[in-house]
>>> print(open('target_21.txt').read())   # compact mmCIF, C-alpha atoms
# COMPACT_ATOMS: atom_id res chain seq x y z
CA MET A 1 12.11 -24.85 -15.45
CA THR A 2 9.46 -22.11 -15.38
CA LEU A 3 8.80 -20.74 -11.90
CA HIS A 4 5.10 -21.17 -11.10
CA ILE A 5 4.14 -18.69 -8.38
CA ALA A 6 0.85 -19.00 -6.52
CA MET A 7 0.01 -15.60 -5.05
CA VAL A 8 -2.75 -15.62 -2.44
CA SER A 9 -4.68 -12.42 -1.74
CA GLU A 10 -7.95 -13.39 -0.12
CA HIS A 11 -9.70 -9.99 -0.03
CA ALA A 12 -7.69 -7.81 -2.42
CA SER A 13 -8.18 -8.88 -6.02
CA PRO A 14 -5.63 -7.60 -8.54
CA LEU A 15 -8.50 -7.12 -10.98
CA ALA A 16 -9.74 -4.24 -8.82
CA ALA A 17 -6.37 -2.57 -9.35
CA VAL A 18 -6.77 -2.90 -13.10
CA GLY A 19 -10.19 -1.25 -12.92
CA GLY A 20 -8.92 1.31 -10.48
CA VAL A 21 -12.13 2.28 -8.71
CA ASP A 22 -11.97 -0.07 -5.72
CA ALA A 23 -8.23 -0.58 -5.63
CA GLY A 24 -6.39 -0.18 -2.35
CA GLY A 25 -2.69 -0.52 -1.70
CA GLN A 26 -2.70 -4.32 -1.53
CA ASN A 27 -4.72 -4.68 -4.74
CA VAL A 28 -2.22 -2.46 -6.56
CA HIS A 29 0.76 -4.25 -5.02
CA VAL A 30 -0.43 -7.74 -5.91
CA ALA A 31 -1.37 -6.74 -9.46
CA ALA A 32 1.88 -4.93 -10.19
CA LEU A 33 4.09 -7.57 -8.60
CA ALA A 34 2.34 -10.39 -10.45
CA LEU A 35 2.80 -8.64 -13.80
CA ALA A 36 6.44 -7.78 -13.05
CA LEU A 37 7.21 -11.37 -12.02
CA ALA A 38 5.64 -12.59 -15.26
CA GLN A 39 7.84 -10.20 -17.23
CA ARG A 40 10.81 -11.96 -15.64
CA GLY A 41 9.58 -15.27 -17.08
CA GLY A 42 7.47 -16.60 -14.22
CA ARG A 43 3.96 -18.00 -14.47
CA VAL A 44 1.72 -16.44 -11.85
CA THR A 45 -1.70 -17.48 -10.60
CA VAL A 46 -3.35 -15.11 -8.13
CA TYR A 47 -5.94 -16.74 -5.89
CA THR A 48 -8.59 -14.45 -4.44
CA ARG A 49 -12.05 -14.96 -2.94
CA ARG A 50 -15.03 -14.89 -5.28
CA ASP A 51 -17.09 -11.84 -4.29
CA SER A 52 -19.60 -11.94 -7.17
CA PRO A 53 -21.52 -14.79 -8.83
CA ASP A 54 -20.79 -13.23 -12.23
CA LEU A 55 -17.02 -13.78 -12.05
CA ASP A 56 -15.43 -16.46 -14.18
CA GLU A 57 -13.37 -18.97 -12.24
CA ARG A 58 -10.21 -18.01 -14.14
CA VAL A 59 -9.58 -14.58 -15.63
CA PRO A 60 -6.37 -13.84 -17.57
CA MET A 61 -4.59 -10.58 -16.66
CA SER A 62 -1.74 -11.09 -19.11
CA PRO A 63 -0.37 -14.04 -21.10
CA ARG A 64 1.45 -15.32 -17.98
CA VAL A 65 -0.83 -14.07 -15.17
CA THR A 66 -4.20 -15.58 -14.28
CA VAL A 67 -6.59 -14.63 -11.49
CA HIS A 68 -8.39 -17.63 -9.98
CA HIS A 69 -11.59 -16.95 -8.01
CA VAL A 70 -12.00 -19.37 -5.11
CA ASP A 71 -15.41 -20.05 -3.57
CA ALA A 72 -15.36 -19.19 0.14
CA GLY A 73 -18.47 -17.86 1.77
CA PRO A 74 -21.18 -15.93 -0.07
CA ALA A 75 -20.29 -14.69 -3.54
CA GLU A 76 -20.70 -11.05 -2.56
CA PRO A 77 -18.51 -8.28 -1.17
CA LEU A 78 -17.77 -8.67 2.55
CA PRO A 79 -15.69 -6.47 4.87
CA LYS A 80 -12.29 -8.10 5.24
CA ASP A 81 -12.68 -8.27 9.03
CA GLU A 82 -15.64 -10.63 8.47
CA LEU A 83 -13.78 -13.10 6.26
CA LEU A 84 -12.02 -15.21 8.90
CA PRO A 85 -14.85 -17.79 9.27
CA HIS A 86 -14.58 -18.48 5.53
CA MET A 87 -10.83 -19.17 5.51
CA PRO A 88 -11.14 -22.96 6.02
CA GLU A 89 -13.26 -23.14 2.86
CA PHE A 90 -10.79 -20.86 1.09
CA ALA A 91 -7.89 -23.09 2.18
CA ALA A 92 -9.73 -26.20 0.96
CA GLY A 93 -10.23 -24.54 -2.42
CA LEU A 94 -6.53 -23.68 -2.62
CA SER A 95 -5.61 -27.25 -1.77
CA ARG A 96 -7.78 -28.62 -4.59
CA CYS A 97 -6.24 -26.16 -7.06
CA TRP A 98 -2.69 -26.99 -6.03
CA ARG A 99 -3.20 -30.73 -6.24
CA ALA A 100 -4.26 -30.22 -9.86
CA ASP A 101 -1.56 -27.66 -10.68
CA ARG A 102 1.22 -27.66 -8.08
CA PRO A 103 3.00 -24.30 -7.76
CA THR A 104 6.74 -24.01 -7.26
CA ILE A 105 6.27 -21.56 -4.42
CA VAL A 106 3.39 -19.78 -2.67
CA HIS A 107 3.46 -16.07 -1.82
CA SER A 108 0.61 -15.02 0.48
CA HIS A 109 -0.47 -11.44 1.19
CA PHE A 110 -2.15 -10.32 4.42
CA TRP A 111 -2.63 -12.44 7.53
CA MET A 112 -5.76 -14.36 6.51
CA SER A 113 -4.14 -15.29 3.20
CA GLY A 114 -1.16 -16.58 5.15
CA LEU A 115 -3.43 -18.67 7.37
CA ALA A 116 -5.17 -20.25 4.38
CA ALA A 117 -2.01 -20.68 2.30
CA LEU A 118 -0.11 -22.48 5.06
CA ALA A 119 -3.05 -24.81 5.66
CA ALA A 120 -3.27 -25.65 1.97
CA ALA A 121 0.47 -25.95 1.33
CA SER A 122 1.48 -28.01 4.36
CA ALA A 123 0.24 -31.41 3.13
CA ASP A 124 2.27 -31.20 -0.07
CA GLN A 125 5.18 -29.34 1.53
CA ILE A 126 5.01 -26.38 -0.84
CA PRO A 127 7.18 -23.53 0.50
CA VAL A 128 5.35 -20.39 1.57
CA VAL A 129 6.65 -16.82 1.51
CA HIS A 130 4.45 -14.28 3.28
CA THR A 131 3.97 -10.49 3.22
CA PHE A 132 1.80 -9.08 6.01
CA HIS A 133 1.19 -5.58 4.55
CA ALA A 134 -0.06 -4.59 8.03
CA LEU A 135 0.32 -6.07 11.50
CA GLY A 136 -2.50 -6.54 13.97
CA ALA A 137 -0.40 -5.51 16.98
CA VAL A 138 0.50 -2.19 15.34
CA LYS A 139 -3.09 -1.55 14.28
CA ARG A 140 -4.38 -2.27 17.79
CA ARG A 141 -1.73 -0.02 19.35
CA HIS A 142 -2.83 2.96 17.28
CA GLN A 143 -6.56 2.34 16.93
CA GLY A 144 -7.39 0.80 20.30
CA SER A 145 -11.07 0.00 20.66
CA ALA A 146 -11.73 1.27 17.11
CA ASP A 147 -9.84 -1.74 15.71
CA THR A 148 -12.35 -4.19 14.23
CA SER A 149 -9.89 -7.02 13.55
CA PRO A 150 -10.80 -10.48 14.84
CA SER A 151 -9.46 -11.15 18.34
CA SER A 152 -7.32 -14.05 17.07
CA ARG A 153 -5.40 -11.93 14.57
CA GLU A 154 -2.23 -11.33 16.59
CA GLU A 155 -1.89 -14.97 17.65
CA THR A 156 -2.45 -16.07 14.05
CA GLU A 157 0.22 -13.65 12.80
CA ARG A 158 2.74 -15.09 15.25
CA ASN A 159 1.88 -18.56 14.01
CA ILE A 160 2.47 -17.45 10.41
CA MET A 161 5.86 -15.99 11.40
CA ALA A 162 6.84 -19.35 12.90
CA ARG A 163 5.63 -21.52 10.01
CA ALA A 164 6.32 -19.60 6.79
CA GLN A 165 9.68 -20.29 5.15
CA ARG A 166 10.26 -16.55 4.72
CA ILE A 167 8.59 -13.32 5.79
CA ILE A 168 9.03 -10.37 3.44
CA ALA A 169 8.93 -7.06 5.29
CA THR A 170 8.33 -3.97 3.19
CA CYS A 171 10.38 -1.53 5.30
CA SER A 172 12.87 -1.38 8.16
CA ASP A 173 10.22 -0.32 10.68
CA GLU A 174 8.27 -3.51 9.96
CA VAL A 175 11.41 -5.55 10.64
CA PHE A 176 11.62 -4.06 14.14
CA GLU A 177 7.93 -4.78 14.73
CA LEU A 178 8.29 -8.38 13.52
CA LEU A 179 11.32 -8.99 15.74
CA ARG A 180 9.41 -7.60 18.73
CA LEU A 181 6.65 -10.10 17.99
CA GLY A 182 9.09 -13.00 17.99
CA ALA A 183 9.97 -13.46 14.31
CA HIS A 184 13.29 -15.17 13.58
CA ARG A 185 15.78 -12.79 12.02
CA HIS A 186 17.07 -15.39 9.58
CA ARG A 187 13.56 -15.79 8.15
CA LEU A 188 13.13 -12.08 7.39
CA SER A 189 13.88 -10.36 4.10
CA VAL A 190 13.23 -6.74 3.15
CA VAL A 191 11.67 -5.98 -0.21
CA PRO A 192 9.80 -2.66 -0.50
CA CYS A 193 6.56 -1.98 -2.28
CA GLY A 194 6.96 -0.45 -5.72
CA VAL A 195 5.61 2.27 -7.96
CA ASP A 196 4.68 2.27 -11.64
CA THR A 197 7.26 4.70 -12.98
CA THR A 198 5.76 4.56 -16.47
CA LEU A 199 2.46 5.97 -15.16
CA PHE A 200 3.83 8.13 -12.36
CA ARG A 201 6.56 10.31 -13.84
CA PRO A 202 7.56 13.99 -13.74
CA ASP A 203 6.72 14.77 -17.37
CA GLY A 204 3.17 14.95 -18.59
CA PRO A 205 0.06 17.08 -18.19
CA ALA A 206 -0.88 18.69 -14.89
CA ARG A 207 -4.37 19.41 -13.62
CA ARG A 208 -5.40 23.03 -14.07
CA ARG A 209 -5.05 25.26 -11.01
CA ASP A 210 -5.06 28.81 -9.74
CA HIS A 211 -1.39 29.84 -9.50
CA ALA A 212 -2.24 32.70 -7.16
CA ARG A 213 -2.03 30.15 -4.34
CA ARG A 214 0.43 27.40 -3.52
CA ARG A 215 -1.21 23.99 -3.87
CA LEU A 216 -0.89 21.21 -1.33
CA MET A 217 -2.12 17.73 -2.14
CA SER A 218 -3.38 14.90 0.07
CA VAL A 219 -4.26 11.51 -1.44
CA GLY A 220 -5.80 8.61 0.43
CA ARG A 221 -8.71 7.43 2.48
CA LEU A 222 -10.45 9.92 4.76
CA VAL A 223 -10.30 7.76 7.88
CA PRO A 224 -8.94 9.53 10.99
CA ARG A 225 -5.59 7.70 11.07
CA LYS A 226 -4.61 9.22 7.72
CA GLY A 227 -4.22 12.63 9.38
CA VAL A 228 -6.16 14.85 7.00
CA ASP A 229 -7.40 16.77 10.07
CA THR A 230 -3.78 17.61 10.89
CA ILE A 231 -3.32 19.11 7.41
CA LEU A 232 -6.48 21.22 7.80
CA GLN A 233 -5.22 22.52 11.15
CA ALA A 234 -1.84 23.37 9.60
CA LEU A 235 -3.57 25.17 6.72
CA VAL A 236 -4.80 27.83 9.18
CA HIS A 237 -1.18 29.03 9.42
CA LEU A 238 -0.64 29.00 5.64
CA PRO A 239 -2.97 31.72 4.32
CA ASP A 240 -1.51 31.64 0.80
CA ALA A 241 -1.98 27.89 0.32
CA GLU A 242 -4.86 25.72 -0.85
CA LEU A 243 -5.41 22.03 -0.25
CA CYS A 244 -6.77 19.38 -2.62
CA VAL A 245 -7.92 16.18 -0.93
CA ALA A 246 -8.33 13.14 -3.20
CA GLY A 247 -9.87 10.05 -1.66
CA GLY A 248 -12.92 8.61 -0.01
CA PRO A 249 -16.18 7.92 -1.83
CA PRO A 250 -17.10 9.47 -5.20
CA SER A 251 -17.56 13.23 -4.96
CA ALA A 252 -21.35 12.98 -5.20
CA GLN A 253 -21.39 10.82 -2.05
CA LEU A 254 -19.03 12.83 0.14
CA GLU A 255 -21.85 14.40 2.14
CA GLU A 256 -23.11 10.91 3.01
CA ASP A 257 -19.74 9.66 4.28
CA PRO A 258 -19.19 10.14 8.05
CA ASP A 259 -15.43 10.68 7.77
CA ALA A 260 -15.82 13.17 4.92
CA VAL A 261 -18.56 15.04 6.81
CA ASP A 262 -16.31 15.32 9.88
CA LEU A 263 -13.52 16.81 7.76
CA LEU A 264 -15.85 19.18 5.93
CA ARG A 265 -17.16 20.45 9.25
CA LEU A 266 -13.65 20.81 10.64
CA ALA A 267 -12.56 22.85 7.61
CA ASP A 268 -15.57 25.11 8.15
CA ARG A 269 -14.86 25.57 11.88
CA LEU A 270 -11.22 26.38 11.15
CA GLY A 271 -12.19 28.97 8.53
CA VAL A 272 -10.29 27.26 5.70
CA ALA A 273 -13.22 25.70 3.80
CA ASP A 274 -12.83 28.19 0.95
CA ARG A 275 -9.26 26.95 0.43
CA VAL A 276 -9.99 23.21 0.56
CA ASP A 277 -11.27 21.13 -2.36
CA PHE A 278 -12.52 17.65 -1.47
CA LEU A 279 -12.37 15.80 -4.78
CA GLY A 280 -13.63 12.42 -3.62
CA ARG A 281 -12.36 9.28 -5.28
CA VAL A 282 -9.98 9.94 -8.18
CA ALA A 283 -9.36 7.21 -10.77
CA ARG A 284 -5.80 5.94 -10.71
CA PRO A 285 -4.96 7.03 -14.28
CA ASP A 286 -5.91 10.60 -13.31
CA LEU A 287 -3.64 10.76 -10.26
CA PRO A 288 -0.36 11.68 -12.01
CA ALA A 289 -1.78 14.92 -13.43
CA LEU A 290 -3.13 15.73 -9.98
CA TYR A 291 0.25 15.13 -8.31
CA ARG A 292 2.02 17.22 -10.94
CA SER A 293 -0.30 20.16 -10.24
CA ALA A 294 0.87 20.36 -6.60
CA ASP A 295 3.71 22.34 -5.10
CA ALA A 296 4.03 19.70 -2.38
CA VAL A 297 2.29 16.47 -1.37
CA VAL A 298 1.42 15.98 2.29
CA CYS A 299 1.12 12.52 3.86
CA VAL A 300 0.87 12.64 7.66
CA PRO A 301 -0.83 9.47 9.00
CA TRP A 302 -0.61 8.46 12.64
CA TYR A 303 0.97 5.22 11.43
CA GLU A 304 1.53 3.66 8.01
CA PRO A 305 2.79 0.10 7.32
CA PHE A 306 4.38 1.28 4.06
CA GLY A 307 2.54 4.04 2.20
CA ILE A 308 2.26 4.14 -1.60
CA VAL A 309 1.27 7.81 -1.92
CA PRO A 310 4.76 9.25 -1.16
CA LEU A 311 6.27 6.98 -3.82
CA GLU A 312 3.72 8.09 -6.41
CA ALA A 313 4.31 11.75 -5.57
CA MET A 314 8.08 11.35 -5.68
CA ALA A 315 7.89 9.54 -9.00
CA CYS A 316 5.95 12.57 -10.31
CA GLY A 317 8.76 14.85 -9.18
CA ARG A 318 7.03 16.42 -6.19
CA PRO A 319 8.50 16.98 -2.71
CA VAL A 320 6.73 15.12 0.09
CA VAL A 321 6.14 16.24 3.66
CA ALA A 322 5.47 13.06 5.61
CA SER A 323 5.07 11.98 9.20
CA ALA A 324 8.08 10.04 10.46
CA VAL A 325 6.27 6.73 10.87
CA GLY A 326 6.43 3.24 9.37
CA GLY A 327 7.55 2.93 5.79
CA LEU A 328 7.60 6.71 5.30
CA THR A 329 10.90 6.84 7.20
CA ASP A 330 12.43 4.70 4.45
CA THR A 331 10.90 6.20 1.33
CA VAL A 332 11.06 9.93 2.14
CA ILE A 333 14.57 11.15 2.95
CA ASP A 334 14.39 14.17 5.23
CA GLY A 335 16.04 17.18 3.64
CA VAL A 336 16.60 15.36 0.34
CA THR A 337 13.26 14.28 -1.15
CA GLY A 338 11.05 16.08 1.37
CA ARG A 339 10.60 16.64 5.07
CA HIS A 340 9.71 14.49 8.05
CA VAL A 341 7.43 15.83 10.79
CA PRO A 342 5.95 14.24 13.92
CA PRO A 343 2.47 12.75 13.45
CA ARG A 344 -0.52 14.68 14.78
CA ASP A 345 1.48 17.91 15.14
CA PRO A 346 -0.12 20.65 13.00
CA ASP A 347 2.34 23.33 14.19
CA ALA A 348 5.37 21.32 13.09
CA LEU A 349 3.64 20.52 9.80
CA ALA A 350 2.81 24.19 9.17
CA ALA A 351 6.40 25.22 9.87
CA ALA A 352 7.81 22.60 7.48
CA LEU A 353 5.36 23.55 4.75
CA GLU A 354 5.95 27.27 5.20
CA ASP A 355 9.68 26.81 4.62
CA LEU A 356 9.12 24.55 1.63
CA LEU A 357 6.49 26.71 -0.06
CA ALA A 358 8.69 29.79 0.29
CA ASP A 359 11.60 28.21 -1.61
CA GLU A 360 10.91 27.19 -5.20
CA ARG A 361 14.50 26.09 -5.84
CA LEU A 362 14.34 23.76 -2.83
CA ARG A 363 11.06 22.27 -4.06
CA ARG A 364 12.53 21.65 -7.49
CA ARG A 365 15.66 20.06 -6.05
CA MET A 366 13.69 17.80 -3.77
CA GLY A 367 11.33 16.89 -6.61
CA ARG A 368 14.22 15.82 -8.83
CA ALA A 369 15.77 13.80 -6.01
CA GLY A 370 12.46 12.10 -5.32
CA ALA A 371 11.94 11.16 -8.97
CA ASN A 372 15.44 9.71 -9.15
CA ARG A 373 14.93 7.75 -5.94
CA ALA A 374 11.61 6.31 -7.13
CA GLN A 375 13.11 5.28 -10.45
CA GLU A 376 16.28 3.78 -9.02
CA ARG A 377 14.93 1.99 -5.95
CA TYR A 378 11.20 1.45 -6.26
CA ARG A 379 10.34 0.64 -9.87
CA TRP A 380 8.49 -2.65 -10.10
CA SER A 381 11.14 -4.41 -12.17
CA ARG A 382 13.60 -3.92 -9.31
CA VAL A 383 11.07 -5.04 -6.70
CA ALA A 384 10.30 -8.16 -8.75
CA SER A 385 14.00 -8.95 -9.09
CA ALA A 386 14.47 -8.75 -5.32
CA THR A 387 11.38 -10.90 -4.77
CA VAL A 388 12.65 -13.58 -7.16
CA GLY A 389 15.89 -13.52 -5.17
CA VAL A 390 13.95 -14.35 -2.02
CA TYR A 391 12.12 -17.17 -3.80
CA ALA A 392 15.42 -18.57 -5.03
CA ASP A 393 16.92 -18.56 -1.55
CA VAL A 394 13.87 -20.29 -0.11
CA LEU A 395 13.87 -22.95 -2.82
CA ALA A 396 17.58 -23.50 -2.28
CA GLY A 397 17.03 -23.77 1.46
CA GLU A 398 19.37 -20.87 2.19
CA PRO A 399 18.67 -18.03 4.62
CA GLN A 400 18.47 -14.54 3.22
CA ARG A 401 21.66 -12.63 4.03
CA ARG A 402 21.20 -9.40 2.14
CA TRP A 403 19.02 -6.77 3.69
CA GLY A 404 17.32 -3.89 1.91
CA GLY A 405 17.92 -0.38 3.14
CA ARG A 406 18.13 3.21 2.18
>>> encode(input="target_21.txt", output="structure tokens")
Amino acid sequence: MTLHIAMVSEHASPLAAVGGVDAGGQNVHVAALALALAQRGGRVTVYTRRDSPDLDERVPMSPRVTVHHVDAGPAEPLPKDELLPHMPEFAAGLSRCWRADRPTIVHSHFWMSGLAALAAASADQIPVVHTFHALGAVKRRHQGSADTSPSSREETERNIMARAQRIIATCSDEVFELLRLGAHRHRLSVVPCGVDTTLFRPDGPARRRDHARRRLMSVGRLVPRKGVDTILQALVHLPDAELCVAGGPPSAQLEEDPDAVDLLRLADRLGVADRVDFLGRVARPDLPALYRSADAVVCVPWYEPFGIVPLEAMACGRPVVASAVGGLTDTVIDGVTGRHVPPRDPDALAAALEDLLADERLRRRMGRAGANRAQERYRWSRVASATVGVYADVLAGEPQRRWGGR
């Protein structure tokens, strides 16, 4: 029997990952996992909210993967923190779809998807597996009053933990957070996010650079929690290094973006502006050449549920200096594939980078170890295999006994 998997991703369409421009971590994850599950023989339908009137109801991604646009609220882009009122309509749309084409199992992504999926699946007793990608309690702890999540998020997440047949955590840190929130250990499985090791690999062209300076690379959004300000502060103590920052809006719009403007002003105040290149948004196919041009990749967020950037950098054979938070404590092995530093500590970051940039042999060794680790542990075929194992256990009614790890 062919496994029919209904993946629910209410705000993060996998089609955005294919286009690349608006793709975030969840878009990429859902797209890559759906395709990898299809390669293992499954049939996958990804249900996402219609955010444009021009979208067809069903759009094929591959011969065995279809994206289904569900009407829920206005057919226009909305911030994800404004989608909760539309989840009952989204759940009703899912229910209609599943009555016509019942899936074998449902895999929801993000808390609002879990809310809608459980509502739609309960009447027909379809098993639900859920991946949070981020937890409201952790976000609130680190962002405080800046957190714009709906007030009911944490209670809803606890409800999902109690009702879903299995929760897939992406790293060991998330397991601890889930247990603190009351999740049942026997309902938790660990399957990490993955990386496309055919796109991100050590061999291939590198972006042109000035070899008179060591190049550091930062990739990601420019919001404060990503820690780009910490890198700029560390750069003061690294006079022979330059920093490339990829992320945020397109380069032509950087001076209109509040977060980018704050960082540009900080670089100027610190006297490092002449050694910092804000590239703006970089298309996903162009990222490997950018990674390969760097001597080291720096990823120092205050917190990070998983973190795709270190995996991409490692897959490209580059050492990673990362803050010891969230999923980065699993992916980056201190002293082997890179270095761990405390978050929001520019002095510690500068010291780690100074040692790394001074030792080419160490950088090469760490780069090779990172590429091997990405290929062996985080390629999508392996992630899909582990995910299918979770589905099989749920369908057999057996608790997951095998835990992922380093």
>>> closest_atom_pairs(input="target_21.txt", of="region 25-58 of chain A", to="region 66-74 of chain A", cutoff="10 Å", atoms="all atoms listed in the file", output="CSV")
residue,atom,partner,partner_atom,distance
A:Ala31,CA,A:Val67,CA,9.7
A:Ala34,CA,A:Thr66,CA,9.2
A:Leu35,CA,A:Thr66,CA,9.9
A:Arg43,CA,A:Thr66,CA,8.5
A:Val44,CA,A:Thr66,CA,6.5
A:Thr45,CA,A:Thr66,CA,4.8
A:Val46,CA,A:Val67,CA,4.7
A:Tyr47,CA,A:His68,CA,4.9
A:Thr48,CA,A:His69,CA,5.3
A:Arg49,CA,A:Val70,CA,4.9
A:Arg50,CA,A:His69,CA,4.9
A:Asp51,CA,A:Pro74,CA,7.2
A:Ser52,CA,A:Pro74,CA,8.3
A:Pro53,CA,A:Pro74,CA,8.8
A:Leu55,CA,A:His69,CA,7.5
A:Asp56,CA,A:His69,CA,7.3
A:Glu57,CA,A:His69,CA,5.0
A:Arg58,CA,A:His68,CA,4.6
>>> residues_around(input="target_21.txt", residues="Thr148 (chain A)", least_positions_apart="6", cutoff="10 Å", atoms="all atoms listed in the file", output="list of chain:residue names")
A:Lys80, A:Asp81, A:Glu82, A:Lys139, A:Arg140
>>> write_last_selection(input="target_21.txt", atoms="C-alpha atoms", output="compact mmCIF listing (two decimals), in the coordinates of the input")
# COMPACT_ATOMS: atom_id res chain seq x y z
CA LYS A 80 -12.29 -8.10 5.24
CA ASP A 81 -12.68 -8.27 9.03
CA GLU A 82 -15.64 -10.63 8.47
CA LYS A 139 -3.09 -1.55 14.28
CA ARG A 140 -4.38 -2.27 17.79
>>> closest_residue(input="target_21.txt", among="A:Arg207, A:Arg215, A:Arg225, A:His4", to="Asp286 (chain A)", atoms="all atoms listed in the file")
A:Arg207
>>> closest_residue(input="target_21.txt", among="A:Ala260, A:Met161, A:Val332, A:Val394", to="Tyr378 (chain A)", atoms="all atoms listed in the file")
A:Val332
>>> atom_distance(input="target_21.txt", atom1="CA of Gly338 (chain A)", atom2="CA of Pro319 (chain A)")
4.9 Å
>>> residues_around(input="target_21.txt", residues="region 190-201 of chain A", least_positions_apart="4", cutoff="8 Å", atoms="all atoms listed in the file", output="JSON, numbers by chain")
{"A": [29, 32, 168, 169, 170, 171, 172, 175, 285, 288, 306, 308, 311, 312, 313, 315, 316, 317, 371, 374, 375, 378, 379, 380, 383, 386, 387, 403, 404, 405]}
>>> closest_residue(input="target_21.txt", among="A:Val138, A:Val309, A:Leu279, A:Ala352", to="Gly247 (chain A)", atoms="all atoms listed in the file")
A:Leu279
>>> residues_around(input="target_21.txt", residues="Ile105 (chain A)", least_positions_apart="2", cutoff="7 Å", atoms="only C-alpha atoms", output="PyMOL selection string")
chain A and resi 4-6+103+107+126-128
>>> atom_distance(input="target_21.txt", atom1="CA of Gly220 (chain A)", atom2="CA of Arg284 (chain A)")
11.5 Å
>>> residues_around(input="target_21.txt", residues="Leu222 (chain A)", least_positions_apart="5", cutoff="10 Å", atoms="only C-alpha atoms", output="PyMOL selection string")
chain A and resi 227-229+245-249+257-263+280
>>> closest_residue(input="target_21.txt", among="A:Arg214, A:Arg96, A:Arg221, A:Arg269", to="Val236 (chain A)", atoms="all atoms listed in the file")
A:Arg269
>>> axis_aligned_box(input="target_21.txt", around="region 180-196 of chain A", padding_each_side="5 Å", output="lines of an AutoDock Vina configuration file")
center_x = 10.9
center_y = -6.8
center_z = 3.5
size_x = 22.4
size_y = 28.1
size_z = 40.4
>>> atom_distance(input="target_21.txt", atom1="CA of Arg281 (chain A)", atom2="CA of Pro250 (chain A)")
4.7 Å
>>> build_atoms(input="target_21.txt", residues="region 243-258 of chain A", atoms="N, CA and C atoms", output="PDB file, in the frame of the given file")
ATOM      1  N   LEU A 243      -5.584  23.467  -0.428  1.00  0.00           N
ATOM      2  CA  LEU A 243      -5.410  22.030  -0.250  1.00  0.00           C
ATOM      3  C   LEU A 243      -6.414  21.280  -1.101  1.00  0.00           C
ATOM      4  N   CYS A 244      -5.916  20.320  -1.890  1.00  0.00           N
ATOM      5  CA  CYS A 244      -6.770  19.380  -2.620  1.00  0.00           C
ATOM      6  C   CYS A 244      -6.687  18.036  -1.920  1.00  0.00           C
ATOM      7  N   VAL A 245      -7.845  17.456  -1.624  1.00  0.00           N
ATOM      8  CA  VAL A 245      -7.920  16.180  -0.930  1.00  0.00           C
ATOM      9  C   VAL A 245      -8.567  15.166  -1.867  1.00  0.00           C
ATOM     10  N   ALA A 246      -7.809  14.188  -2.312  1.00  0.00           N
ATOM     11  CA  ALA A 246      -8.330  13.140  -3.200  1.00  0.00           C
ATOM     12  C   ALA A 246      -8.457  11.851  -2.409  1.00  0.00           C
ATOM     13  N   GLY A 247      -9.664  11.302  -2.381  1.00  0.00           N
ATOM     14  CA  GLY A 247      -9.870  10.050  -1.660  1.00  0.00           C
ATOM     15  C   GLY A 247     -11.247   9.982  -1.057  1.00  0.00           C
ATOM     16  N   GLY A 248     -11.591   8.800  -0.564  1.00  0.00           N
ATOM     17  CA  GLY A 248     -12.920   8.610  -0.010  1.00  0.00           C
ATOM     18  C   GLY A 248     -13.889   8.145  -1.077  1.00  0.00           C
ATOM     19  N   PRO A 249     -15.170   8.350  -0.849  1.00  0.00           N
ATOM     20  CA  PRO A 249     -16.180   7.920  -1.830  1.00  0.00           C
ATOM     21  C   PRO A 249     -16.199   8.852  -3.030  1.00  0.00           C
ATOM     22  N   PRO A 250     -16.947   8.535  -4.085  1.00  0.00           N
ATOM     23  CA  PRO A 250     -17.100   9.470  -5.200  1.00  0.00           C
ATOM     24  C   PRO A 250     -17.606  10.824  -4.696  1.00  0.00           C
ATOM     25  N   SER A 251     -17.256  11.871  -5.425  1.00  0.00           N
ATOM     26  CA  SER A 251     -17.560  13.230  -4.960  1.00  0.00           C
ATOM     27  C   SER A 251     -19.034  13.435  -4.649  1.00  0.00           C
ATOM     28  N   ALA A 252     -19.912  12.809  -5.412  1.00  0.00           N
ATOM     29  CA  ALA A 252     -21.350  12.980  -5.200  1.00  0.00           C
ATOM     30  C   ALA A 252     -21.826  12.365  -3.891  1.00  0.00           C
ATOM     31  N   GLN A 253     -20.993  11.495  -3.287  1.00  0.00           N
ATOM     32  CA  GLN A 253     -21.390  10.820  -2.050  1.00  0.00           C
ATOM     33  C   GLN A 253     -20.646  11.319  -0.828  1.00  0.00           C
ATOM     34  N   LEU A 254     -19.831  12.351  -0.982  1.00  0.00           N
ATOM     35  CA  LEU A 254     -19.030  12.830   0.140  1.00  0.00           C
ATOM     36  C   LEU A 254     -19.899  13.254   1.323  1.00  0.00           C
ATOM     37  N   GLU A 255     -21.016  13.899   1.054  1.00  0.00           N
ATOM     38  CA  GLU A 255     -21.850  14.400   2.140  1.00  0.00           C
ATOM     39  C   GLU A 255     -22.623  13.288   2.837  1.00  0.00           C
ATOM     40  N   GLU A 256     -22.488  12.055   2.352  1.00  0.00           N
ATOM     41  CA  GLU A 256     -23.110  10.910   3.010  1.00  0.00           C
ATOM     42  C   GLU A 256     -22.082  10.076   3.771  1.00  0.00           C
ATOM     43  N   ASP A 257     -20.815  10.425   3.660  1.00  0.00           N
ATOM     44  CA  ASP A 257     -19.740   9.660   4.280  1.00  0.00           C
ATOM     45  C   ASP A 257     -19.369  10.287   5.620  1.00  0.00           C
ATOM     46  N   PRO A 258     -19.456   9.559   6.731  1.00  0.00           N
ATOM     47  CA  PRO A 258     -19.190  10.140   8.050  1.00  0.00           C
ATOM     48  C   PRO A 258     -17.814  10.784   8.190  1.00  0.00           C
TER      49      PRO A 258
END
